[in-house]
Amino acid sequence: MTKIFAGVFLVLSIVGCTMQVGGPDDTTINKELVNRLMGWIEHETGYKASIQPIVVASREKFQQVMRLNGNLCGHGRALYIPGMVVLNNENGWEHNDRLEVSLLLHELVHHAQLFSKREYPCKNSKEYEAYTLQNKWLAQQGERPFASQAWIKKMSDCKILDSVGQAAEEESSSPQCIKNEGMWRE
């Protein structure tokens, strides 16, 4: 656990040094919403995060973190790095938009996974749980699923190259750069 916190501190130190706090395109995320979603995730999974992540909605910060992670494809609407959720608010971010909230929930699942004792076969395999819980939350809100089961299976496949550079057996550069074929919503 010490290694996890050291890693989180290192990443947040690097990100903090490269990002200005309170930039012009930042959207404030309601902490009560984050707490409610983390409570829902804990209820569904049993994973208890001992600390809450930093949550930022900013197109500029999203692009900076993508570049820091070596992901230059520029796709995506939300991402998680240990201890921090960054939402791309390029088209705005609304607390009452269930689809937007489901993107936040998906990334919060990744934060909770960090504190779970569960072992995953690869980084991509964590996506199965995150997308499945995102779809379940949307269903409970009376909304249709975010992604199809076929697409979720594809995104959680360990054979696809993940961002830490595992060998790929398919012709894709990273999960974030796969076209959203088979996804129901974009």
# chains A, B, ... in the order shown; residues from 1 in each chain; ligands from 1

call {"tool": "residues_around", "arguments": {"residues": "His43 in chain A", "least_positions_apart": "4", "cutoff": "12 Å", "atoms": "only C-alpha atoms", "output": "PyMOL selection string"}}
result
chain A and resi 36-39+47-49+109+112+133+137

call {"tool": "write_last_selection", "arguments": {"atoms": "C-alpha atoms", "output": "JSON list (two decimals), in the first residue's frame"}}
result
[["chain", "number", "residue", "atom", "x", "y", "z"],
["A", 36, "ARG", "CA", -22.77, 9.70, -3.31],
["A", 37, "LEU", "CA", -21.22, 7.92, -6.29],
["A", 38, "MET", "CA", -18.37, 6.51, -4.18],
["A", 39, "GLY", "CA", -20.98, 5.23, -1.70],
["A", 47, "TYR", "CA", -14.35, -1.61, -2.31],
["A", 48, "LYS", "CA", -13.76, 1.17, 0.22],
["A", 49, "ALA", "CA", -11.50, 4.00, -0.88],
["A", 109, "VAL", "CA", -14.76, 2.80, -10.11],
["A", 112, "ALA", "CA", -12.07, 2.28, -5.88],
["A", 133, "LEU", "CA", -21.12, -0.78, -13.20],
["A", 137, "TRP", "CA", -26.00, 2.75, -12.65]]

call {"tool": "atom_distance", "arguments": {"atom1": "CA of Gln140 in chain A", "atom2": "CA of Asn35 in chain A"}}
result
17.7 Å
